[in-house]
Structures are given as structure tokens and as C-alpha cells.
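Undergrad: Quick one: the structure is below, and I'll ask about it shortly.
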Amino acid sequence: MIKAIDFFCGAGGLTRGLLDAGISVLAGVDNDEHLERTYSHNNVPSRFINSDIKDINIHALREALEIQSGDTTLYAACTPCQPFSTLNRLKGNDERKILLLSFARIVEECPPDFVLVENVPGLNNAYGREISQRFLNILRRCRFKEAADFLDAKDFGVPQTRKRFILVASRHGSISLPDSGSDGKDYPTVREYIEKYPVISDGEASADYLNHAARKLAPHHKRIVEAIPKNGGSRRDVADTSILLKCHQKKPNVHKDVFGRIAWDAPGPTLTCRCTDVYCGRFVHPEQDRGISLREAAALQTFEDDYEFFGTHILGISRQIGNAVPVKFAEHLGNSIIDSHRYDRR
């Protein structure tokens, strides 16, 4: 049995997927105390540890989790996406990039058997390359062998185009990234995952499913949404451009997906921390005049319907969902670690 610690665990998408793969995730670590209820409620028996990674004493943490010297261990880290995103205006000045090196310190101080890192593609661009190279140098000093590449969650059963930089590493020999087996012709669709949910209006919730609640729209936003053609339409299809926001009238191609409808029969767009806001991306329901609900967003992230999210307002819960690693994708990543472990023991 592989014992894991999930650093930057968020609401638990990576933890849930690793658990589903058969990895024993002992704890999730995150500096946001508001995530504890969501994480703990859905990932028993994993513990939530509210701590900043820069303050973690890895030896003390392993002792508290009763990890023995002979145990096979995995450190997983879904480092915050924003520092490496092309949308981040701070670019190279964002100090959150150093969080990856804080994780590297933990790996170096007490090396596990396996390492898993998930991040946005920007980790390998000009703004993130220096940090990633320093991280790789530490792994190699600790005698890890790694495999890294860009993977798209839609190739792994997730109804969402979501490209991420993935690194897996082993101290016991070569290791491979998961093979999707996808031929690019049979991706999961939005319809398969969210068509079943009851019709609701903006600002309403349904008692039939946990978290099936949609954000209330301002009147002028509602008019725009109502004018967007069903099933994949965009604001560029609106005949009466006078109802559009002024910034979109002057520069119609700026953030072209804003106020766009999701298409039924294709993978959805990449969900973000504002995935229930119609003015933050292509997040309008395929046919209902509202943004997607929290439950629908969670389904597109492949959380099961009994995975309940807790928070005081819809934006906070949206952030939990949009920032998560899709569960099915995480399960594939976990299986690649397990396969490597089995090969090592032969």
C-alpha cells in the first residue's frame, strides 16, 4: 500500500482520485482553513491539516501520521495555478512561484518513494521555467527519475478540455505518465454529465441534488444571456449589440468566450475559480438562461453527486470546484504511480 500526503490539497479532487485508485492518502495539507469541512467530509479517513507549506516540518508530519521508515510513500502537490498562468498579470514577479520550491525542500529533507506534481502549462514557459528547472535539479540530486509532459484531462474521461503540466517521479527506477488510450474521437461530453440535473433559474437551488444552485444574474447580464443562441452560442451571435457591455461593443474579440454558452455534445471549457460566473468565461448553461450550477461544475470536474461542498457563498464554493484536479484525471495519475510500484517490486 502506498501512503500519500497531498500538499495544496484544496477541496480534495486529487485526494479523492488517489483514494479511488487505491492509494492511502493520510492527509491533505492546505493553508486555507475554509476548505477543511469540504475536504474532511468527503475524504474519510484522510485528515485535513491547516498549515502553510513553508512552515511544514516533514519529519514531524510523518511521525504524526505514523509513517514508518519502511513504508512506501508519495508526496503529491497541485501547486497553485495562478502564478504560472498566462492570465496572471504579475508574471515573473509572483512570489507564489516559490511554493513549488517549498515543496522541493520537503522532498529533499525527507525523500518519498514517489512524487506527483500537477500544474498549469505555464510552469514550463518563460515565467516558470527557471523554477521548474530548480525543482528538477533537486529531484535529480535525490536520485529520482522523472517523466513529465502536458496532458489534457479530456483524454482521461473528463468532460472538459483542461491541459496541465504533469510530473511523476520515482526513486526506484523509471516511471511513465498514464496512457489515455484515447483516439481523439470519443471524448466524454457535457450532455453525458449534466443533462440529468433539474431545471432551475438563476439564483435558485434544487433540493434534489447537493449544491445544485446557480448564481443570481444582474438584469443586464440576464438580457445578454437570454440573447445567446442555445447549445454553444456566443455573444458574437447576438443581433442587437446594444445590449452588450460597452467594453464588448468596442472590442468584440476581447475575452471572446465571456457570456458564451457551453455546447452539449463536446467536452466543456476549462473550468476556473469563477466557473459559475457568466461574465468570466464560456460558463452559460447550454440551454437554460443562467450560469452553470455548482453541482454541474462539480460534475464537469468528475466529482460524484454525493461529494458535498461547503461554504458561505457561491463564489467561495466555485473557487473550490474550479481549482480542483478532476477526480477521474487524478485517479489515472494515481494508477500510473501504482503501476510503477508494482513493476519495481518484480
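Every chain in the C-alpha cells has a letter given in the order shown (A, B, ...), and although residue numbers restart at 1 in each chain, ligands are simply numbered from 1 in the order shown.
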Kindly provide the residues of segment 26-72 of chain A that approach segment 101-121 of chain A to within 8 Å, each paired with its closest atom pair and their distance in Å to one decimal, based on only C-alpha atoms, listed by chain and increasing number, as a tab-separated table.
TA:
```
residue	atom	partner	partner_atom	distance
A:Ile53	CA	A:Ser102	CA	6.6
A:Lys54	CA	A:Ser102	CA	5.8
A:Ile56	CA	A:Ile106	CA	7.9
A:Asn57	CA	A:Ile106	CA	7.9
A:Ile58	CA	A:Ile106	CA	6.1
A:His59	CA	A:Cys110	CA	7.0
A:Thr72	CA	A:Asp113	CA	6.0
```
Undergrad: Give me, as an mmCIF file with C-alpha atoms, in the first residue's frame, all polymer residues having an atom no more than 9 Å from Asp202 of chain A, counting only C-alpha atoms and skipping those fewer than 3 positions away in the same chain.
TA:
```cif
data_model
loop_
_atom_site.group_PDB
_atom_site.id
_atom_site.type_symbol
_atom_site.label_atom_id
_atom_site.label_comp_id
_atom_site.auth_asym_id
_atom_site.auth_seq_id
_atom_site.Cartn_x
_atom_site.Cartn_y
_atom_site.Cartn_z
ATOM 1 C CA ALA A 205 -31.345 25.910 -6.000
ATOM 2 C CA ALA A 213 -27.509 26.141 -7.089
ATOM 3 C CA ALA A 214 -26.942 28.852 -9.696
ATOM 4 C CA ARG A 215 -25.740 32.384 -9.143
ATOM 5 C CA LYS A 216 -28.283 35.207 -9.425
ATOM 6 C CA LEU A 217 -27.771 37.303 -12.547
ATOM 7 C CA LYS A 222 -29.722 38.218 -17.837
ATOM 8 C CA GLN A 288 -31.083 27.343 -19.618
ATOM 9 C CA ASP A 289 -30.688 31.116 -19.171
ATOM 10 C CA ARG A 290 -28.182 31.031 -16.315
ATOM 11 C CA GLY A 291 -24.642 30.125 -15.487
ATOM 12 C CA SER A 293 -24.689 25.480 -11.143
#
```
Undergrad: Which one of A:Val284, A:Val258, A:Val190, A:Ile243 sits closest to Pro219 of chain A if you count only C-alpha atoms?
TA: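 Checking each of A:Val284, A:Val258, A:Val190, A:Ile243 against Pro219 of chain A, counting only C-alpha atoms, the winner is A:Ile243.
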Undergrad: For Leu333 of chain A, find every residue with an atom within 8 Å (counting only C-alpha atoms), except residues of its own chain fewer than 6 positions away, and show them as a PDB file with C-alpha atoms, in the first residue's frame.
TA:
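Below is the file out23.pdb, written as the result:
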```
ATOM      1  CA  LEU A  18      -5.829   8.903  -5.493  1.00  0.00           C
ATOM      2  CA  LEU A 177       2.872   9.009 -17.309  1.00  0.00           C
ATOM      3  CA  PRO A 178      -0.551   7.415 -17.762  1.00  0.00           C
TER       4      PRO A 178
END
```
Undergrad: Would you mind reading off the distance between atom CA of Ala297 of chain A and atom CA of Tyr187 of chain A, one decimal, in Å?
TA: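 Taking atom CA of Ala297 of chain A as the start and atom CA of Tyr187 of chain A as the end point, the length is 17.5 Å.
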Undergrad: Quick one: residues within 12 Å of Gly334 of chain A, only C-alpha atoms, excluding same-chain residues fewer than 2 positions away - as a short mmCIF file (atom, residue, chain, number, x, y, z; two decimals) with C-alpha atoms, in the first residue's frame?
TA:
```cif
data_model
loop_
_atom_site.label_atom_id
_atom_site.label_comp_id
_atom_site.auth_asym_id
_atom_site.auth_seq_id
_atom_site.Cartn_x
_atom_site.Cartn_y
_atom_site.Cartn_z
CA ILE A 2 1.29 3.43 -0.95
CA LYS A 3 0.82 6.09 1.72
CA ALA A 4 0.42 9.64 0.43
CA ASP A 6 -1.50 15.69 -0.62
CA LEU A 14 -6.56 14.98 -6.19
CA THR A 15 -7.02 13.19 -2.87
CA ARG A 16 -10.33 11.69 -3.97
CA GLY A 17 -8.86 10.43 -7.23
CA LEU A 18 -5.83 8.90 -5.49
CA LEU A 19 -8.10 7.22 -2.95
CA ASP A 20 -10.23 5.84 -5.78
CA ALA A 21 -7.08 4.44 -7.37
CA GLY A 22 -6.24 2.59 -4.15
CA ILE A 23 -3.62 4.90 -2.65
CA SER A 24 -3.96 5.60 1.07
CA VAL A 25 -3.96 9.40 1.35
CA LEU A 74 4.04 9.50 -2.23
CA TYR A 75 4.15 13.28 -1.92
CA ALA A 76 1.62 14.91 -4.25
CA PHE A 114 7.26 8.84 -5.46
CA VAL A 115 6.44 12.44 -6.34
CA LEU A 116 3.46 13.77 -8.30
CA VAL A 117 3.09 17.39 -9.41
CA GLU A 118 0.16 18.90 -11.31
CA ILE A 166 2.17 16.68 -15.09
CA LEU A 167 5.32 15.32 -13.49
CA VAL A 168 5.71 11.93 -11.86
CA SER A 176 5.77 6.63 -17.00
CA LEU A 177 2.87 9.01 -17.31
CA PRO A 178 -0.55 7.41 -17.76
CA VAL A 327 -11.21 13.30 -9.90
CA LYS A 328 -11.04 10.89 -12.85
CA PHE A 329 -7.84 12.51 -14.06
CA ALA A 330 -6.34 12.19 -10.59
CA GLU A 331 -7.32 8.52 -10.50
CA HIS A 332 -5.39 7.89 -13.73
CA SER A 336 0.40 5.32 -13.03
CA ILE A 337 2.15 5.53 -9.64
CA ILE A 338 0.71 2.16 -8.59
CA ASP A 339 1.80 0.55 -11.87
CA SER A 340 5.34 1.82 -11.36
CA HIS A 341 5.36 0.49 -7.79
#
```
Undergrad: Taking the chain letters and numbering used in this document, name the residues of segment 111-259 of chain A that DSSP puts in alpha helix (DSSP H), as an NGL selection string.
TA: :A and (129-141 or 190-194 or 219-227 or 246-250)
Undergrad: Considering only C-alpha atoms, tabulate each residue of segment 169-215 of chain A that lies at most 9 Å from segment 305-313 of chain A along with its nearest interatomic pair and the corresponding distance in Å to one decimal; arrange the rows by chain and ascending residue number and present them as JSON lines.
TA:
```
{"residue": "A:Tyr209", "atom": "CA", "partner": "A:Asp305", "partner_atom": "CA", "distance": 7.1}
{"residue": "A:Leu210", "atom": "CA", "partner": "A:Glu308", "partner_atom": "CA", "distance": 6.2}
{"residue": "A:Asn211", "atom": "CA", "partner": "A:Phe309", "partner_atom": "CA", "distance": 6.9}
```
Undergrad: Write out the residues from the selection above, keeping all heavy atoms, as an mmCIF file, in the first residue's frame.
TA:
```
data_model
loop_
_atom_site.group_PDB
_atom_site.id
_atom_site.type_symbol
_atom_site.label_atom_id
_atom_site.label_comp_id
_atom_site.auth_asym_id
_atom_site.auth_seq_id
_atom_site.Cartn_x
_atom_site.Cartn_y
_atom_site.Cartn_z
ATOM 1 N N TYR A 209 -30.459 17.586 -5.650
ATOM 2 C CA TYR A 209 -29.035 17.275 -5.700
ATOM 3 C C TYR A 209 -28.274 18.264 -4.826
ATOM 4 O O TYR A 209 -28.608 19.449 -4.784
ATOM 5 C CB TYR A 209 -28.496 17.382 -7.137
ATOM 6 C CG TYR A 209 -28.918 16.258 -8.044
ATOM 7 C CD1 TYR A 209 -30.077 16.362 -8.806
ATOM 8 C CD2 TYR A 209 -28.156 15.101 -8.138
ATOM 9 C CE1 TYR A 209 -30.465 15.330 -9.654
ATOM 10 C CE2 TYR A 209 -28.531 14.066 -8.986
ATOM 11 C CZ TYR A 209 -29.691 14.186 -9.738
ATOM 12 O OH TYR A 209 -30.073 13.163 -10.568
ATOM 13 N N LEU A 210 -27.224 17.775 -4.158
ATOM 14 C CA LEU A 210 -26.381 18.634 -3.338
ATOM 15 C C LEU A 210 -25.743 19.718 -4.209
ATOM 16 O O LEU A 210 -25.260 19.435 -5.317
ATOM 17 C CB LEU A 210 -25.272 17.813 -2.674
ATOM 18 C CG LEU A 210 -25.708 16.727 -1.696
ATOM 19 C CD1 LEU A 210 -24.512 15.855 -1.311
ATOM 20 C CD2 LEU A 210 -26.350 17.347 -0.453
ATOM 21 N N ASN A 211 -25.767 20.949 -3.712
ATOM 22 C CA ASN A 211 -25.066 22.077 -4.366
ATOM 23 C C ASN A 211 -25.595 22.427 -5.748
ATOM 24 O O ASN A 211 -24.914 23.115 -6.515
ATOM 25 C CB ASN A 211 -23.557 21.795 -4.480
ATOM 26 C CG ASN A 211 -22.874 21.548 -3.159
ATOM 27 O OD1 ASN A 211 -22.259 20.494 -2.969
ATOM 28 N ND2 ASN A 211 -22.965 22.486 -2.242
#
```
Undergrad: Please report the interatomic distance between atom CA of Cys9 of chain A and atom CA of Ser180 of chain A in Å with one decimal.
TA: 24.0 Å
Undergrad: Based on DSSP run over this structure's backbone, return all residues of segment 23-248 of chain A in strand (DSSP E), as number ranges by chain.
TA: A: 24-30, 47-50, 72-78, 114-119, 145-152, 163-170
